[in-house]
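The structure appears below as structure tokens.
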There are 2 protein chains.
Amino acid sequence: MVDEDERRAWAYLAGVAEPPCAALRTLITEVGITEAARAVAGRSMPSGHAEVLRATEARHGVNTSAEDLDAAARVGGRLVTPDDDEWPGWQLLALSKADTSAKGGEPLALWMRGPVQFDQAVDRSIAIVGSRAASGYGEHVTATISSGLVAENWSVVSGGAYGIDGVAHRNVLASGGVTVAVLACGIDRDYPSGHARLLSEIARTGLVVSEYAPGTTAAKHRFLTRNRLVAALSSAVVVVEAGQRSGAANTAAWARKLGTPLGAVPGPVTSATSVGCHRMIADGVAHLVTDSADILRLARPGGEDVQRSTGSRERPTDNLDANQLRVYDTVPATGTLTIGEISFACGLELRQVRSALAVLEARGMLSTDGSGWSLARGR
Amino acid sequence: MVDEDERRAWAYLAGVAEPPCAALRTLITEVGITEAARAVAGRSMPSGHAEVLRATEARHGVNTSAEDLDAAARVGGRLVTPDDDEWPGWQLLALSKADTSAKGGEPLALWMRGPVQFDQAVDRSIAIVGSRAASGYGEHVTATISSGLVAENWSVVSGGAYGIDGVAHRNVLASGGVTVAVLACGIDRDYPSGHARLLSEIARTGLVVSEYAPGTTAAKHRFLTRNRLVAALSSAVVVVEAGQRSGAANTAAWARKLGTPLGAVPGPVTSATSVGCHRMIADGVAHLVTDSADILRLARPGGEDVQRSTGSRERPTDNLDANQLRVYDTVPATGTLTIGEISFACGLELRQVRSALAVLEARGMLSTDGSGWSLARGR
């Protein structure tokens with residue numbers, strides 16, 4: 001359990017440096033949350049933590065933690081910290097192992113709105129991301145994949161943006177599944193504004209998550225930082241559509257860095273919104289995926305058995321050897337051929353033709369009237 | 001030079017066993033064409049060549065070589081043998097190294113119609129193959145790729161079939177290039193019948209090629225055998241569209257066996273005619289290609305320089321470091337911010353903001369009125 005003072009300390013430190021701030025995380029681990037907050041506010045840092053002083057210089061004097069917690073509460077939100085049971089520690093661990101420079105690192109704490117336990121929401125989750133300028137094709141594929149994942153009891157993580165993100169969230173909601181929107185602004189902000197209603201729908205049954213305090217506005221660097229969380233919180237990342245330059249490429253890069261399996265959906269080569277997907281596949285960076293079954297195979301290799309989506313049906317000719325096939329193909333669609341005619345036509349010896357005919361007759365593929373051979377009726 | 005008797009011997013042996021027949025090829029190499037023909041017709045085989053007796057049992061008594069050569073001549077055709085200058089020996093060599101079983105092996109000789117020297121037609125050539133039931137999308141992509149290859153002085157090899165094959169041939173003709181149709185029947189047969197005119201157009205400026213004597217009808221095993229020639233005669237094989245089960249998959253398998261680079265064009269995952277292509281790419285069997293430039297890069301890796309088709313344009317923000325980018329992104333589209341406001345908004349120290357602003361101003365990306373900073377006009 002986290003008491004109120006501690007949670008306020010978390011709220012203060014979560015915003016006092018622009019996330020992610022690995023140095024601050026290290027300080028908290030070393031001296032505890034309360035002491036860390038005191039050190040930052042009082043500018044008296046234990047030795048070896050000068051980096052924290054630098055990172056918090058701009059904002060240390062403004063402690064809005066109480067207001068932030070209030071603002072979150074007003075929209076039914078909460079701050080989840082590593083000390084809370086629902087913190088998905090093992091999933092976020094990859095972040096602390098990856099690049100801990102300016103761009104990476106585990107989040108200190110996360111703000112969220114929604115009735116679902118955070119760790120449960122992301123336990124079996126797939127990130128679906130893509131172009132804001134999605135095509136009708138991309139939207140259709142996103143809808144099909146999202147519903148397919150829900151049917152298999154997986155949740156869907158995305159960024160709440162227009163285009164692919166929005167279609168993914170919307171279809172999960174429509175399918176009765178759990179969806180998680182990770183925002184690059186505060187959980188109380190409707191960004192993009194056209195998604196105000198969608199975000200509140202998500203918050204009603206799933207989770208709206210952010211590393212940024214309530215009220216924080218979206219900024220480009222925050223989208224990039226947010227993308228690492230999308231990749232970290234998912235068992236696989238799927239890019240449905242991405243243009244030449246796309247935010248999805250950044251999420252994909254995070255997936256690679258974190259070791260999260262990455263899939264990309266192909267599309268028409270004539271479509272500008274598939275260029276990024278094709279590039280990732282051609283460069284061997286992403287796996288080509290066509291449906292939810294492909295994606296789940298990526299997410300749990302060797303795990304639960306998933307029927308291969310492009311599995312093939314059996315055909316009567318499948319188990320014929322080369323000679324049998326050649327003889328079978330030689331017999332015309334209508335009319336009959338003698339054994340001698342078949343032998344000449346297909347270039348096999350009489351002996352070989354005879355042996356092949358015996359098999360083909362036994363399988364009910366060819367029939368004979370005593371002199372000539374024809375295709376068996378009903379085939 | 002091949003004299004008339006020798007050519008007749010080649011014509012006889014080319015048809016006396018169903019191609020390909022590696023044993024017959026070995027016999028010819030060992031004893032010469034004239035002696036080999038005499039041995040097959042007279043059933044007196046040098047020791048170690050019993051296999052040839054078996055392979056030629058069905059047809060050895062029927063020598064239609066003179067008629068075959070006449071039939072070829074009537075449609076302006078010829079029989080090209082390994083003794084002719086235009087035999088593309090080095091390209092067909094891969095076949096003799098590959099599986100020499102019932103399915104593989106070098107052709108003994110090839111019948112062809114058309115004004116182009118065979119070796120020249122296939123010196124710089126790409127095979128374009130695909131579904132007979134091509135979609136409008138597949139036809140469009142085939143047309144674009146074919147024209148692109150002609151523009152780079154490459155010829156296009158295909159199978160003369162409906163669908164992708166036909167569109168490829170037709171677009172090469174329309175672009176004034178050389179195209180080669182490799183048939184699974186005699187060069188004097190219009191198969192498929194709807195391509196009678198197309199085939200004669202190809203024979204007027206390119207080549208119609210077949211391993212089968214004039215008059216031979218198409219049969220399923222001949223399509224499979226023909227496919228190996230398509231793969232062998234090309235510097236790369238590209239599958240534009242292929243369904244779950246497709247002849248193109250067989251050509252693709254030959255390409256892999258022969259070491260011919262293999263490309264596949266992606267398409268909508270909703271399209272049944274792209275399933276085979278996606279499967280080949282997903283299985284790592286084919287490279288994803290989107291246009292003729294991608295294909296030529298496959299055909300000549302490290303060779304002539306080809307501009308990457310998905311190359312990216314430079315953007316003003318490309319060369320900014322992380323802090324500069326963060327500051328730049330913090331400045332709003334309209335209005336100004338003071339250095340202090342920027343520092344607070346983006347979480348960087350004043351010192352870091354100042355140094356970033358200096359660079360951004362020098363690059364003409366931001367401007368200042370002395371107190372506040374805004375985006376430079378005209379950006």
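Please note that chains go A, B, ... in the order of the structure tokens, that every chain numbers its residues from 1, and that ligands are numbered from 1 in the order shown.
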DSSP on the backbone: which residues in segment 128-377 of chain B end up as strand (DSSP E or B)? Give the answer as number ranges by chain.
B: 128-129, 155-158, 179-183, 207-210, 236-239, 262-264, 287-288, 337, 366-368, 373-375
Within 12 Å of Val240 of chain B, counting only C-alpha atoms, which residues show up once you throw out same-chain ones fewer than 3 positions away? Write them as a PyMOL selection string, please.
(chain A and resi 268-269) or (chain B and resi 127-146+158+163-165+167-168+237+243+246+248-249+252+262-267+273-278+280-281+286-292+295)
Using only C-alpha atoms and a distance of at most 7 Å, pull out the residues of chain B that contact chain A, as a PyMOL selection string.
chain B and resi 17-18+54-55+57-59+219-221+266-269+282+287-288+290+326+329-330+343-344+346-349
Atom CA of Asp83 of chain A to atom CA of Val2 of chain A, distance in Å rounded to a single decimal
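About the pair atom CA of Asp83 of chain A and atom CA of Val2 of chain A: they are 6.6 Å apart.
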For atom CA of Arg354 of chain A and atom CA of Ser371 of chain A, determine how far apart the two atoms are, in Å to one decimal place.
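Separation of atom CA of Arg354 of chain A and atom CA of Ser371 of chain A: 12.8 Å.
Within 8 Å of Tyr212 of chain B, once only C-alpha atoms are used and residues closer than 4 positions along the same chain are dropped, the contacting residues are Ala14, Gly15, Pro19, Leu110, Trp111, Ala184, Cys185, Gly186, Ile187 and Thr216 of chain B.
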Output for the residues just chosen: N, CA and C atoms as a short mmCIF file (atom, residue, chain, number, x, y, z; two decimals), in the first residue's frame:
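Final output, selection_14.cif:
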```
data_model
loop_
_atom_site.label_atom_id
_atom_site.label_comp_id
_atom_site.auth_asym_id
_atom_site.auth_seq_id
_atom_site.Cartn_x
_atom_site.Cartn_y
_atom_site.Cartn_z
N ALA B 14 15.33 -34.78 -78.84
CA ALA B 14 14.62 -33.79 -78.00
C ALA B 14 13.21 -34.28 -77.67
N GLY B 15 12.65 -35.12 -78.56
CA GLY B 15 11.27 -35.54 -78.34
C GLY B 15 11.11 -37.00 -77.94
N PRO B 19 10.84 -34.62 -71.80
CA PRO B 19 11.84 -33.77 -71.11
C PRO B 19 11.41 -33.50 -69.67
N LEU B 110 16.08 -26.49 -77.60
CA LEU B 110 14.84 -25.72 -77.43
C LEU B 110 14.32 -25.21 -78.76
N TRP B 111 13.05 -25.38 -78.99
CA TRP B 111 12.38 -24.85 -80.17
C TRP B 111 12.03 -23.40 -79.91
N ALA B 184 4.41 -24.46 -72.52
CA ALA B 184 4.35 -25.87 -72.10
C ALA B 184 3.78 -26.72 -73.22
N CYS B 185 3.76 -26.17 -74.45
CA CYS B 185 3.29 -26.91 -75.62
C CYS B 185 4.18 -26.50 -76.80
N GLY B 186 3.89 -27.02 -77.97
CA GLY B 186 4.70 -26.67 -79.14
C GLY B 186 4.62 -25.19 -79.48
N ILE B 187 5.68 -24.68 -80.13
CA ILE B 187 5.72 -23.24 -80.47
C ILE B 187 4.73 -22.90 -81.57
N THR B 216 3.04 -30.53 -79.98
CA THR B 216 2.83 -31.08 -78.64
C THR B 216 1.76 -30.26 -77.90
#
```
Backbone-only DSSP, helix (DSSP H, G or I) members of segment 14-54 of chain A, as a PyMOL selection string:
chain A and resi 14-16+22-31+33-42+50-54
Once you have the residues from the selection above, write them out as a PDB file, in the first residue's frame, restricted to C-alpha atoms.
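Once written, result-v2.pdb looks like this:
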```pdb
ATOM      1  CA  ALA A  14       6.779  12.030 -11.821  1.00  0.00           C
ATOM      2  CA  GLY A  15       6.475  15.566 -13.187  1.00  0.00           C
ATOM      3  CA  VAL A  16       9.543  17.358 -11.844  1.00  0.00           C
ATOM      4  CA  ALA A  22      16.532   7.296 -15.336  1.00  0.00           C
ATOM      5  CA  ALA A  23      18.627   9.281 -12.861  1.00  0.00           C
ATOM      6  CA  LEU A  24      15.574  10.116 -10.793  1.00  0.00           C
ATOM      7  CA  ARG A  25      14.451   6.483 -10.886  1.00  0.00           C
ATOM      8  CA  THR A  26      17.837   5.434  -9.547  1.00  0.00           C
ATOM      9  CA  LEU A  27      17.646   7.976  -6.747  1.00  0.00           C
ATOM     10  CA  ILE A  28      14.194   6.723  -5.702  1.00  0.00           C
ATOM     11  CA  THR A  29      15.364   3.119  -5.706  1.00  0.00           C
ATOM     12  CA  GLU A  30      18.297   4.104  -3.529  1.00  0.00           C
ATOM     13  CA  VAL A  31      16.790   6.395  -0.916  1.00  0.00           C
ATOM     14  CA  ILE A  33      10.290   7.932  -2.567  1.00  0.00           C
ATOM     15  CA  THR A  34       9.842  10.264   0.392  1.00  0.00           C
ATOM     16  CA  GLU A  35      13.524  10.995   0.814  1.00  0.00           C
ATOM     17  CA  ALA A  36      13.972  11.409  -2.951  1.00  0.00           C
ATOM     18  CA  ALA A  37      11.197  14.004  -3.120  1.00  0.00           C
ATOM     19  CA  ARG A  38      12.729  15.863  -0.186  1.00  0.00           C
ATOM     20  CA  ALA A  39      16.168  15.833  -1.811  1.00  0.00           C
ATOM     21  CA  VAL A  40      14.853  17.186  -5.120  1.00  0.00           C
ATOM     22  CA  ALA A  41      12.741  19.927  -3.556  1.00  0.00           C
ATOM     23  CA  GLY A  42      15.491  20.903  -1.087  1.00  0.00           C
ATOM     24  CA  ALA A  50      24.195  15.409  -9.515  1.00  0.00           C
ATOM     25  CA  GLU A  51      22.413  14.374 -12.709  1.00  0.00           C
ATOM     26  CA  VAL A  52      19.100  14.571 -10.836  1.00  0.00           C
ATOM     27  CA  LEU A  53      19.778  18.176  -9.869  1.00  0.00           C
ATOM     28  CA  ARG A  54      20.313  19.070 -13.507  1.00  0.00           C
TER      29      ARG A  54
END
```
Selected residue of minimal separation from Arg124 of chain A among A:Gly335, A:Ser193, A:Arg300, A:Ala356, counting only C-alpha atoms:
A:Arg300
Polymer residues at most 12 Å from Ala71 of chain B, only C-alpha atoms, same-chain spacing of 3 or more positions, as a VMD selection string
chain B and resid 11 64 to 68 74 to 79 111 to 113 186 to 189 213 to 216
Residue selection dump (C-alpha atoms) as a compact mmCIF listing (two decimals), in the first residue's frame:
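Okay, out33.txt is ready:
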```
# COMPACT_ATOMS: atom_id res chain seq x y z
CA ALA B 11 15.14 -32.96 -83.03
CA THR B 64 9.20 -37.28 -86.53
CA SER B 65 12.29 -35.09 -86.56
CA ALA B 66 12.02 -34.02 -90.20
CA GLU B 67 8.33 -33.22 -89.79
CA ASP B 68 8.99 -31.36 -86.55
CA ARG B 74 6.43 -23.15 -91.30
CA VAL B 75 5.82 -20.84 -88.35
CA GLY B 76 9.25 -19.21 -88.78
CA GLY B 77 10.72 -21.27 -85.96
CA ARG B 78 13.97 -23.12 -85.37
CA LEU B 79 15.54 -25.68 -83.08
CA TRP B 111 12.38 -24.85 -80.17
CA MET B 112 11.81 -21.17 -80.72
CA ARG B 113 10.14 -18.55 -82.90
CA GLY B 186 4.70 -26.67 -79.14
CA ILE B 187 5.72 -23.24 -80.47
CA ASP B 188 3.19 -23.67 -83.28
CA ARG B 189 0.23 -24.05 -80.93
CA ALA B 213 8.24 -30.40 -80.40
CA PRO B 214 5.79 -28.56 -82.63
CA GLY B 215 2.33 -30.00 -82.24
CA THR B 216 2.83 -31.08 -78.64
```
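The interatomic distance for the pair atom CA of Glu6 of chain A and atom CA of Cys21 of chain A works out to 18.8 Å.
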